[in-house]
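Undergrad: What follows is the file start-v3.tsv, containing TSV, C-alpha atoms:
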```tsv
chain	number	residue	atom	x	y	z
A	1	MET	CA	0.00	0.00	0.00
A	2	ARG	CA	1.06	3.56	-0.56
A	3	GLN	CA	0.73	6.85	1.23
A	4	ILE	CA	0.02	9.84	-0.95
A	5	LEU	CA	1.83	13.11	-0.45
A	6	ALA	CA	-0.22	16.11	-1.48
A	7	ALA	CA	0.83	19.72	-1.77
A	8	VAL	CA	0.88	20.04	1.98
A	9	ALA	CA	3.68	17.48	2.18
A	10	VAL	CA	6.01	20.02	3.73
A	11	VAL	CA	3.52	20.53	6.54
A	12	VAL	CA	1.99	17.08	6.84
A	13	VAL	CA	1.79	13.76	5.09
A	14	LEU	CA	-1.80	12.65	4.74
A	15	ALA	CA	-1.53	8.95	5.46
A	16	VAL	CA	-4.27	7.10	3.62
A	17	SER	CA	-2.92	3.70	4.59
A	18	ALA	CA	-0.93	2.17	7.41
A	19	CYS	CA	2.19	1.96	5.32
A	20	SER	CA	5.23	3.65	6.83
A	21	ALA	CA	7.03	4.22	3.53
A	22	PRO	CA	5.31	7.07	1.66
A	23	ALA	CA	5.56	7.16	-2.09
A	24	GLN	CA	6.55	10.09	-4.22
A	25	PRO	CA	3.78	12.69	-4.38
A	26	ARG	CA	1.33	12.30	-7.21
A	27	SER	CA	0.46	15.95	-7.55
A	28	ALA	CA	1.17	19.28	-5.94
A	29	ALA	CA	0.15	22.88	-6.08
A	30	GLY	CA	2.38	25.78	-5.21
A	31	PRO	CA	2.25	27.27	-1.73
A	32	SER	CA	0.62	30.60	-1.05
A	33	PRO	CA	2.79	33.65	-1.75
A	34	THR	CA	2.95	34.84	1.87
A	35	PRO	CA	5.71	32.93	3.66
A	36	THR	CA	6.41	34.04	7.21
A	37	GLY	CA	10.19	34.09	6.84
A	38	PRO	CA	12.79	31.50	7.77
A	39	ALA	CA	11.72	28.75	10.13
A	40	VAL	CA	13.27	28.73	13.60
A	41	LEU	CA	13.63	25.40	15.35
A	42	PRO	CA	12.54	25.43	19.00
A	43	ALA	CA	15.35	25.83	21.52
A	44	PRO	CA	16.61	22.65	23.17
A	45	THR	CA	15.27	22.12	26.69
A	46	GLY	CA	18.31	20.53	28.33
A	47	ASP	CA	21.18	22.07	30.27
A	48	HIS	CA	23.94	21.72	27.68
A	49	PRO	CA	24.85	23.72	24.59
A	50	VAL	CA	24.83	21.49	21.51
A	51	GLY	CA	27.48	20.81	18.91
A	52	THR	CA	27.14	18.94	15.65
A	53	THR	CA	29.38	17.51	12.97
A	54	ILE	CA	29.09	15.40	9.81
A	55	LEU	CA	30.93	12.21	8.87
A	56	HIS	CA	30.91	10.07	5.74
A	57	VAL	CA	31.48	6.34	6.08
A	58	THR	CA	31.65	3.66	3.38
A	59	ASP	CA	30.86	-0.01	3.84
A	60	GLU	CA	33.07	-1.80	1.33
A	61	SER	CA	31.66	-5.18	2.33
A	62	ARG	CA	28.31	-4.76	0.55
A	63	PRO	CA	27.02	-3.11	-2.62
A	64	ASP	CA	24.51	-0.33	-2.41
A	65	PRO	CA	21.03	-1.92	-2.38
A	66	TRP	CA	19.52	0.76	-4.64
A	67	ASN	CA	22.24	2.04	-6.96
A	68	LEU	CA	23.37	-0.96	-8.99
A	69	ASP	CA	26.35	1.01	-10.32
A	70	VAL	CA	27.89	1.35	-6.86
A	71	ASP	CA	29.70	-1.57	-5.24
A	72	ALA	CA	29.94	-0.07	-1.74
A	73	ARG	CA	27.38	1.57	0.57
A	74	GLU	CA	28.23	5.19	1.46
A	75	LEU	CA	26.37	6.86	4.31
A	76	LYS	CA	26.19	10.43	5.56
A	77	VAL	CA	26.20	10.48	9.36
A	78	THR	CA	25.37	13.51	11.51
A	79	LEU	CA	26.31	13.69	15.18
A	80	TRP	CA	24.83	15.95	17.85
A	81	TYR	CA	26.43	16.07	21.29
A	82	PRO	CA	26.89	18.22	24.41
A	83	THR	CA	29.52	20.92	24.24
A	84	GLU	CA	30.76	23.71	26.49
A	85	GLN	CA	30.93	26.07	23.53
A	86	LYS	CA	28.07	28.58	23.60
A	87	ASP	CA	28.97	30.71	20.61
A	88	GLY	CA	29.89	29.89	17.06
A	89	GLU	CA	28.50	29.26	13.61
A	90	ARG	CA	25.11	27.54	13.66
A	91	ALA	CA	24.97	24.40	11.57
A	92	PRO	CA	22.93	24.73	8.36
A	93	TYR	CA	19.63	22.87	8.29
A	94	MET	CA	20.22	21.87	4.67
A	95	THR	CA	22.69	22.86	1.99
A	96	PRO	CA	21.31	24.80	-0.98
A	97	LYS	CA	21.40	21.68	-3.15
A	98	GLU	CA	19.70	19.55	-0.47
A	99	SER	CA	16.97	22.17	-0.13
A	100	GLU	CA	16.52	22.28	-3.91
A	101	PHE	CA	16.34	18.51	-4.32
A	102	PHE	CA	14.02	18.10	-1.34
A	103	LEU	CA	11.55	20.73	-2.56
A	104	LYS	CA	11.63	19.37	-6.09
A	105	GLY	CA	11.23	15.79	-4.90
A	106	SER	CA	8.30	16.82	-2.69
A	107	GLU	CA	6.83	18.80	-5.61
A	108	ILE	CA	6.70	22.02	-3.61
A	109	ALA	CA	6.69	24.88	-6.08
A	110	GLY	CA	6.61	28.67	-5.92
A	111	MET	CA	9.50	29.25	-3.51
A	112	PRO	CA	13.23	29.78	-4.01
A	113	TYR	CA	14.85	26.39	-3.99
A	114	ASP	CA	17.30	27.40	-1.26
A	115	SER	CA	14.47	28.35	1.14
A	116	LEU	CA	15.20	25.62	3.68
A	117	THR	CA	18.85	26.63	4.02
A	118	LYS	CA	17.59	29.65	5.96
A	119	THR	CA	15.99	27.49	8.68
A	120	ARG	CA	17.65	28.44	11.96
A	121	THR	CA	19.09	25.60	14.00
A	122	ASN	CA	20.54	25.66	17.51
A	123	ALA	CA	23.63	23.45	17.26
A	124	ILE	CA	27.12	24.89	16.78
A	125	LYS	CA	28.96	23.51	13.79
A	126	ASP	CA	31.98	21.35	14.66
A	127	ALA	CA	32.02	22.44	18.30
A	128	GLU	CA	34.31	20.55	20.67
A	129	PRO	CA	32.45	17.66	22.39
A	130	ALA	CA	32.19	17.71	26.18
A	131	GLY	CA	31.19	15.15	28.81
A	132	GLU	CA	32.06	11.59	29.59
A	133	LYS	CA	30.45	8.19	29.06
A	134	LEU	CA	27.17	9.42	27.63
A	135	PRO	CA	24.39	7.22	26.24
A	136	LEU	CA	24.13	6.98	22.45
A	137	VAL	CA	20.90	7.37	20.46
A	138	VAL	CA	20.65	6.34	16.80
A	139	LEU	CA	18.11	8.27	14.68
A	140	SER	CA	16.56	7.07	11.42
A	141	PRO	CA	14.18	9.31	9.38
A	142	GLY	CA	11.11	8.50	7.33
A	143	PHE	CA	11.19	7.39	3.72
A	144	THR	CA	12.00	10.23	1.27
A	145	LYS	CA	12.89	12.47	4.22
A	146	PRO	CA	16.43	13.60	5.00
A	147	LEU	CA	17.78	13.14	8.50
A	148	SER	CA	17.47	16.90	8.99
A	149	SER	CA	13.71	16.37	9.44
A	150	LEU	CA	14.55	15.12	12.97
A	151	THR	CA	16.93	17.95	13.87
A	152	SER	CA	14.80	19.49	16.64
A	153	LEU	CA	14.58	16.11	18.40
A	154	ALA	CA	18.30	15.45	17.96
A	155	GLU	CA	19.29	18.86	19.33
A	156	ASP	CA	17.06	18.40	22.35
A	157	LEU	CA	18.45	14.97	23.20
A	158	ALA	CA	22.02	16.25	22.92
A	159	SER	CA	21.19	19.13	25.26
A	160	ARG	CA	19.96	16.56	27.78
A	161	GLY	CA	23.25	14.68	27.81
A	162	TYR	CA	23.03	12.21	24.94
A	163	VAL	CA	25.24	11.66	21.93
A	164	VAL	CA	22.96	11.36	18.91
A	165	VAL	CA	24.06	9.71	15.68
A	166	GLY	CA	21.66	10.17	12.79
A	167	ILE	CA	21.88	8.33	9.49
A	168	ASP	CA	20.90	9.54	6.05
A	169	HIS	CA	20.08	6.27	4.30
A	170	THR	CA	21.45	6.97	0.83
A	171	TYR	CA	19.06	6.83	-2.14
A	172	GLU	CA	16.04	6.57	0.20
A	173	SER	CA	15.71	10.34	0.57
A	174	HIS	CA	15.15	13.13	-1.92
A	175	ALA	CA	18.54	14.57	-0.98
A	176	THR	CA	21.69	13.07	0.58
A	177	THR	CA	25.03	14.81	0.13
A	178	LEU	CA	27.86	12.36	-0.51
A	179	SER	CA	31.52	12.78	0.45
A	180	ASP	CA	32.47	14.19	-2.97
A	181	GLY	CA	29.72	16.83	-2.81
A	182	ARG	CA	27.28	15.13	-5.16
A	183	VAL	CA	23.67	14.93	-3.97
A	184	ALA	CA	22.12	11.47	-4.18
A	185	GLU	CA	18.43	11.42	-5.05
A	186	CYS	CA	15.72	8.91	-4.15
A	187	ILE	CA	16.37	5.91	-6.37
A	188	ALA	CA	14.32	3.75	-3.98
A	189	CYS	CA	11.26	5.85	-4.76
A	190	ASP	CA	10.99	4.01	-8.06
A	191	ALA	CA	10.70	0.68	-6.23
A	192	ASP	CA	8.23	1.45	-3.46
A	193	THR	CA	5.42	-0.58	-5.01
A	194	ASP	CA	7.57	-3.66	-5.50
A	195	PRO	CA	6.66	-6.79	-3.52
A	196	GLY	CA	8.71	-6.99	-0.35
A	197	PHE	CA	9.73	-3.32	-0.49
A	198	GLY	CA	9.14	-2.59	3.20
A	199	PRO	CA	11.14	-5.58	4.50
A	200	ARG	CA	13.91	-4.73	2.06
A	201	VAL	CA	14.16	-1.18	3.39
A	202	VAL	CA	14.19	-2.07	7.09
A	203	GLN	CA	16.74	-4.85	6.66
A	204	GLY	CA	18.99	-2.49	4.73
A	205	ARG	CA	18.65	0.14	7.41
A	206	ALA	CA	19.47	-2.40	10.12
A	207	ALA	CA	22.71	-3.14	8.26
A	208	ASP	CA	23.40	0.62	7.98
A	209	VAL	CA	22.96	1.04	11.75
A	210	SER	CA	25.27	-1.83	12.67
A	211	PHE	CA	27.95	-0.56	10.29
A	212	VAL	CA	27.78	2.96	11.73
A	213	LEU	CA	28.06	1.60	15.29
A	214	ASP	CA	31.12	-0.37	14.19
A	215	GLN	CA	32.71	2.68	12.57
A	216	LEU	CA	32.19	5.37	15.20
A	217	PRO	CA	35.23	4.65	17.38
A	218	ALA	CA	37.60	5.02	14.44
A	219	LYS	CA	35.80	7.78	12.54
A	220	TRP	CA	34.85	10.31	15.23
A	221	ASP	CA	37.36	11.95	17.54
A	222	GLY	CA	34.68	12.43	20.19
A	223	SER	CA	33.73	8.77	20.36
A	224	GLY	CA	35.40	8.48	23.77
A	225	LEU	CA	32.32	10.26	25.17
A	226	ILE	CA	30.13	7.31	24.30
A	227	ASP	CA	29.13	4.61	26.75
A	228	ARG	CA	28.70	1.78	24.27
A	229	SER	CA	26.77	-0.29	26.80
A	230	ARG	CA	23.92	2.23	26.62
A	231	ILE	CA	22.63	2.47	23.04
A	232	ALA	CA	19.05	3.02	21.85
A	233	MET	CA	17.44	3.63	18.48
A	234	VAL	CA	14.60	6.01	17.60
A	235	GLY	CA	13.00	6.37	14.19
A	236	GLN	CA	10.03	7.94	12.45
A	237	SER	CA	7.84	6.18	9.89
A	238	ILE	CA	9.91	3.47	8.20
A	239	GLY	CA	12.82	4.67	10.35
A	240	GLY	CA	10.75	3.65	13.36
A	241	ALA	CA	9.92	0.32	11.78
A	242	SER	CA	13.66	-0.14	11.26
A	243	SER	CA	14.23	0.14	15.01
A	244	ILE	CA	12.74	-3.32	15.51
A	245	ALA	CA	14.75	-4.73	12.61
A	246	ALA	CA	17.97	-3.24	13.97
A	247	MET	CA	17.32	-4.49	17.51
A	248	LEU	CA	16.74	-8.02	16.25
A	249	GLU	CA	19.98	-7.91	14.25
A	250	ASP	CA	22.21	-6.09	16.77
A	251	SER	CA	22.15	-6.84	20.49
A	252	ARG	CA	24.10	-3.65	21.22
A	253	ILE	CA	20.84	-1.70	20.84
A	254	ARG	CA	19.26	-1.92	24.30
A	255	ALA	CA	15.99	-0.10	23.65
A	256	GLY	CA	13.95	1.29	20.77
A	257	ILE	CA	11.15	3.66	19.75
A	258	ASP	CA	8.94	3.59	16.68
A	259	MET	CA	7.24	6.92	15.93
A	260	ASN	CA	4.28	6.28	13.64
A	261	GLY	CA	5.83	3.58	11.52
A	262	SER	CA	3.94	0.44	10.52
A	263	THR	CA	6.32	-2.45	10.97
A	264	TYR	CA	7.59	-5.12	8.59
A	265	THR	CA	10.16	-7.30	10.35
A	266	ARG	CA	8.51	-10.26	12.04
A	267	ILE	CA	9.51	-10.66	15.67
A	268	PRO	CA	10.31	-14.32	16.41
A	269	LYS	CA	7.92	-16.29	18.58
A	270	SER	CA	10.46	-16.16	21.38
A	271	GLY	CA	9.79	-12.41	21.49
A	272	LEU	CA	11.82	-9.21	21.85
A	273	SER	CA	12.63	-8.73	25.53
A	274	ARG	CA	14.37	-5.33	25.40
A	275	PRO	CA	12.38	-2.14	26.14
A	276	PHE	CA	10.31	-0.78	23.27
A	277	MET	CA	7.78	2.01	22.80
A	278	PHE	CA	5.33	2.85	20.03
A	279	ILE	CA	4.30	6.53	19.67
A	280	GLY	CA	1.73	7.25	17.01
A	281	SER	CA	-1.24	9.09	15.64
A	282	GLU	CA	-4.81	7.88	16.13
A	283	GLN	CA	-4.43	5.69	13.06
A	284	HIS	CA	-2.41	3.44	15.36
A	285	VAL	CA	-5.03	2.83	18.04
A	286	PRO	CA	-5.71	-0.84	18.81
A	287	GLY	CA	-8.21	-2.07	16.27
A	288	GLY	CA	-7.33	0.77	13.89
A	289	ASP	CA	-5.98	0.71	10.37
A	290	ALA	CA	-2.36	0.00	11.36
A	291	ALA	CA	-2.60	-3.64	12.40
A	292	SER	CA	1.13	-4.38	12.59
A	293	TRP	CA	1.47	-2.79	16.03
A	294	GLU	CA	-1.13	-5.15	17.49
A	295	ARG	CA	0.69	-8.10	15.95
A	296	ASP	CA	4.04	-6.97	17.36
A	297	TRP	CA	2.67	-5.90	20.74
A	298	LYS	CA	2.01	-9.53	21.66
A	299	LEU	CA	5.64	-10.39	20.94
A	300	LEU	CA	7.21	-7.55	22.93
A	301	THR	CA	8.03	-9.49	26.09
A	302	GLY	CA	9.97	-6.83	28.01
A	303	TRP	CA	9.03	-3.34	29.21
A	304	LYS	CA	6.72	-1.82	26.61
A	305	ARG	CA	4.42	1.13	26.02
A	306	TRP	CA	1.98	2.08	23.29
A	307	MET	CA	1.24	5.81	23.17
A	308	VAL	CA	-1.33	7.45	20.89
A	309	VAL	CA	-1.33	11.25	20.56
A	310	THR	CA	-4.64	12.81	19.58
A	311	ASP	CA	-4.92	15.32	16.72
A	312	THR	CA	-1.61	14.29	15.16
A	313	ASP	CA	-0.72	12.94	11.76
A	314	HIS	CA	2.18	11.11	10.19
A	315	GLN	CA	4.70	13.96	10.37
A	316	SER	CA	3.65	15.57	13.66
A	317	PHE	CA	6.69	14.29	15.58
A	318	THR	CA	9.16	15.68	13.01
A	319	ASP	CA	10.31	19.13	11.88
A	320	ILE	CA	8.22	18.98	8.70
A	321	PRO	CA	5.21	20.91	10.08
A	322	LEU	CA	7.58	23.55	11.51
A	323	LEU	CA	8.83	24.31	8.01
A	324	GLY	CA	5.43	24.96	6.43
A	325	PRO	CA	4.95	28.63	7.38
A	326	SER	CA	8.38	29.52	5.98
A	327	LEU	CA	7.12	28.21	2.64
A	328	GLY	CA	3.79	30.01	2.84
A	329	ILE	CA	1.77	26.86	3.58
A	330	GLU	CA	-1.09	27.12	6.04
A	331	PRO	CA	-1.33	24.69	9.00
A	332	VAL	CA	-3.77	21.84	8.54
A	333	TYR	CA	-7.03	22.29	10.42
A	334	GLY	CA	-7.57	19.78	13.22
A	335	VAL	CA	-3.91	18.85	13.59
A	336	LEU	CA	-1.88	19.90	16.64
A	337	PRO	CA	0.23	23.03	16.17
A	338	ALA	CA	3.65	22.10	14.86
A	339	ALA	CA	5.54	23.21	17.95
A	340	ARG	CA	3.24	21.19	20.21
A	341	GLY	CA	3.82	18.01	18.24
A	342	VAL	CA	7.57	18.45	18.55
A	343	GLU	CA	7.24	19.25	22.27
A	344	ILE	CA	5.33	16.03	22.93
A	345	ALA	CA	7.76	13.95	20.90
A	346	ARG	CA	10.71	15.45	22.75
A	347	ALA	CA	9.11	14.83	26.15
A	348	TYR	CA	8.18	11.19	25.62
A	349	VAL	CA	11.30	10.18	23.72
A	350	ALA	CA	13.50	11.74	26.41
A	351	ALA	CA	11.45	10.13	29.19
A	352	PHE	CA	11.84	6.70	27.61
A	353	LEU	CA	15.58	7.13	27.13
A	354	ASP	CA	16.11	8.59	30.61
A	355	GLN	CA	14.35	5.60	32.13
A	356	HIS	CA	16.07	2.89	30.11
A	357	LEU	CA	19.53	4.35	29.45
A	358	LYS	CA	19.97	6.47	32.59
A	359	SER	CA	17.88	4.43	35.09
A	360	GLN	CA	15.76	7.48	35.95
A	361	PRO	CA	12.07	6.50	36.47
A	362	GLN	CA	9.62	8.62	34.47
A	363	PRO	CA	6.03	8.80	35.75
A	364	ILE	CA	4.65	10.09	32.43
A	365	LEU	CA	5.34	6.67	30.96
A	366	ASP	CA	3.07	4.97	33.49
A	367	LYS	CA	0.01	7.21	33.76
A	368	PRO	CA	-1.69	10.14	32.03
A	369	SER	CA	0.10	13.46	32.35
A	370	SER	CA	-1.69	16.76	32.90
A	371	SER	CA	1.16	18.42	31.00
A	372	TYR	CA	0.48	16.30	27.92
A	373	PRO	CA	-3.23	15.45	27.87
A	374	GLU	CA	-3.03	14.65	24.16
A	375	ALA	CA	-0.86	11.60	24.91
A	376	LYS	CA	-2.89	8.52	25.71
A	377	LEU	CA	-1.75	5.14	26.97
A	378	CYS	CA	-3.41	2.40	25.02
A	379	PRO	CA	-6.36	0.72	26.81
A	380	GLU	CA	-5.33	-1.34	29.78
A	381	ALA	CA	-5.91	-4.61	27.96
A	382	CYS	CA	-3.34	-3.51	25.40
A	383	ALA	CA	-0.80	-1.57	27.46
A	384	LYS	CA	-0.53	-3.93	30.39
A	385	SER	CA	3.13	-4.71	31.01
```
Take the structure in the file and give it back as structure tokens.
TA:
Amino acid sequence: MRQILAAVAVVVVLAVSACSAPAQPRSAAGPSPTPTGPAVLPAPTGDHPVGTTILHVTDESRPDPWNLDVDARELKVTLWYPTEQKDGERAPYMTPKESEFFLKGSEIAGMPYDSLTKTRTNAIKDAEPAGEKLPLVVLSPGFTKPLSSLTSLAEDLASRGYVVVGIDHTYESHATTLSDGRVAECIACDADTDPGFGPRVVQGRAADVSFVLDQLPAKWDGSGLIDRSRIAMVGQSIGGASSIAAMLEDSRIRAGIDMNGSTYTRIPKSGLSRPFMFIGSEQHVPGGDAASWERDWKLLTGWKRWMVVTDTDHQSFTDIPLLGPSLGIEPVYGVLPAARGVEIARAYVAAFLDQHLKSQPQPILDKPSSSYPEAKLCPEACAKS
């Protein structure tokens, strides 16, 4: 099944099926001519300033699964981490070419193609890392989306004392800059109706994650900050579905979160005993259209939670809705304001990670919170641990 991206794709993906891998948009109209100016990502909520840097790693042991002309898999990796540096150049949200390719791929017309380069981030480019033995969080974005669509979540986690490593899964996004400066487009978009497409994507991403975890000590000077006994993975859409695949393939990943991604990898009958949390829109309620969560819920044998956030849609936990006003696109009626969706995602992702990687109990994971009334625990029959 396919999800259809309409003109509002920069604000929201209208999911018409439970599939977590949206197809290329079928049609689009230009945004209105009254953009509000550059988007500004919300400030991180933690105590630490945030630094960021980019690496490129190449897995010579396997060919690229999408580009048949390439005999090795190259990945762009972005790190966010605590720093003591408070001033410096802010990291760009996208390069001009990435912005151009993303807007073209999403069929968003009527704006300068470099519009998203003006989005204001909070992390300082190539700042010196600070801290010691910090937990590591792997981030994986949705299909067609660059890793930058999870920047506000990554910055927040780094400010709270995590090292975050995000992966741009090459040829699965509209724009991924390679080590030689070329921008790889979404070759996989031409295959998204093929039989077995979803399992193929998540298994490939699981291999990407394991390779990046292998490479970090040698490739990043700040890797000494990382406590490699405390690793979790968080993803959105098919990136979330890939969290289960990666956990099943790599025992180093102690905990995982799937944000609004229907799953593909089948959990063995023996179950998955490490902590896992689903966070989704109302499409993912028990008995709803997204049946894979109910199937997998029965096989999650460790600590588990199933959160549904009212008035959200497929992109509500990402930066995508935050970018809409800068492109002159009106918010979608009936969907949570963009900043609120990001706030809720930040709160529940951080709570989960604090509990399972820092051994800090988090009451909002066990009962309704007056601070986040939109977030609902699944009915007791479903959410019982």
Undergrad: Considering all atoms listed in the file, state which residue in the set A:Ile320, A:Ala339, A:Thr310, A:Leu357 is at the smallest distance from A:Ala375.
TA: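 Counting all atoms listed in the file, the residue closest to A:Ala375 is A:Thr310.
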Undergrad: Would you work out the distance separating atom CA of A:Arg252 from atom CA of A:Ser229, expressed in Å to one decimal?
TA: 7.0 Å
Undergrad: So how far away is atom CA of A:Phe197 from atom CA of A:Leu299, in Å?
TA: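 Computing it gives 22.9 Å between the two atoms.
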Undergrad: Tell me, in Å to one decimal, how far atom CA of A:Ser371 is from atom CA of A:Ser262.
TA: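 Atom-to-atom, atom CA of A:Ser371 to atom CA of A:Ser262, that is 27.4 Å.
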Undergrad: What are the closest atom pairs, with distances in Å to one decimal, for all residues of stretch 30-72 of chain A lying within 6 Å of stretch 112-136 of chain A? Consider all atoms listed in the file, order rows by chain and residue number, and present the result as JSON lines.
TA:
```
{"residue": "A:Pro38", "atom": "CA", "partner": "A:Thr119", "partner_atom": "CA", "distance": 5.2}
{"residue": "A:Ala39", "atom": "CA", "partner": "A:Thr119", "partner_atom": "CA", "distance": 4.7}
{"residue": "A:Val40", "atom": "CA", "partner": "A:Arg120", "partner_atom": "CA", "distance": 4.7}
{"residue": "A:Leu41", "atom": "CA", "partner": "A:Thr121", "partner_atom": "CA", "distance": 5.6}
{"residue": "A:Val50", "atom": "CA", "partner": "A:Ala123", "partner_atom": "CA", "distance": 4.8}
{"residue": "A:Gly51", "atom": "CA", "partner": "A:Ile124", "partner_atom": "CA", "distance": 4.6}
{"residue": "A:Thr52", "atom": "CA", "partner": "A:Lys125", "partner_atom": "CA", "distance": 5.3}
{"residue": "A:Thr53", "atom": "CA", "partner": "A:Asp126", "partner_atom": "CA", "distance": 4.9}
```
Undergrad: May I ask which of the residues A:Ala175, A:Leu216, A:Ile329, A:Val70 is the closest one to A:Lys104, counting all atoms listed in the file?
TA: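 Nearest candidate to A:Lys104 out of A:Ala175, A:Leu216, A:Ile329, A:Val70: A:Ala175.
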Undergrad: Considering all atoms listed in the file, state which residue in the set A:Glu84, A:Asp311, A:Asp319, A:Asp258 is at the smallest distance from A:Trp293.
TA: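 Between A:Glu84, A:Asp311, A:Asp319, A:Asp258, the residue approaching A:Trp293 most closely is A:Asp258.
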Undergrad: May I have the residues within 8 Å of A:Ala154 as number ranges by chain, using only C-alpha atoms and disregarding those fewer than 2 positions away in the same chain?
TA: A: 80, 139, 150-152, 156-158, 164
Undergrad: Find, counting only C-alpha atoms, the residue in A:Ser292, A:Ser326, A:Ser242, A:Ser281 that gets nearest to A:Met111.
TA: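 The answer is A:Ser326, which sits nearest to A:Met111.
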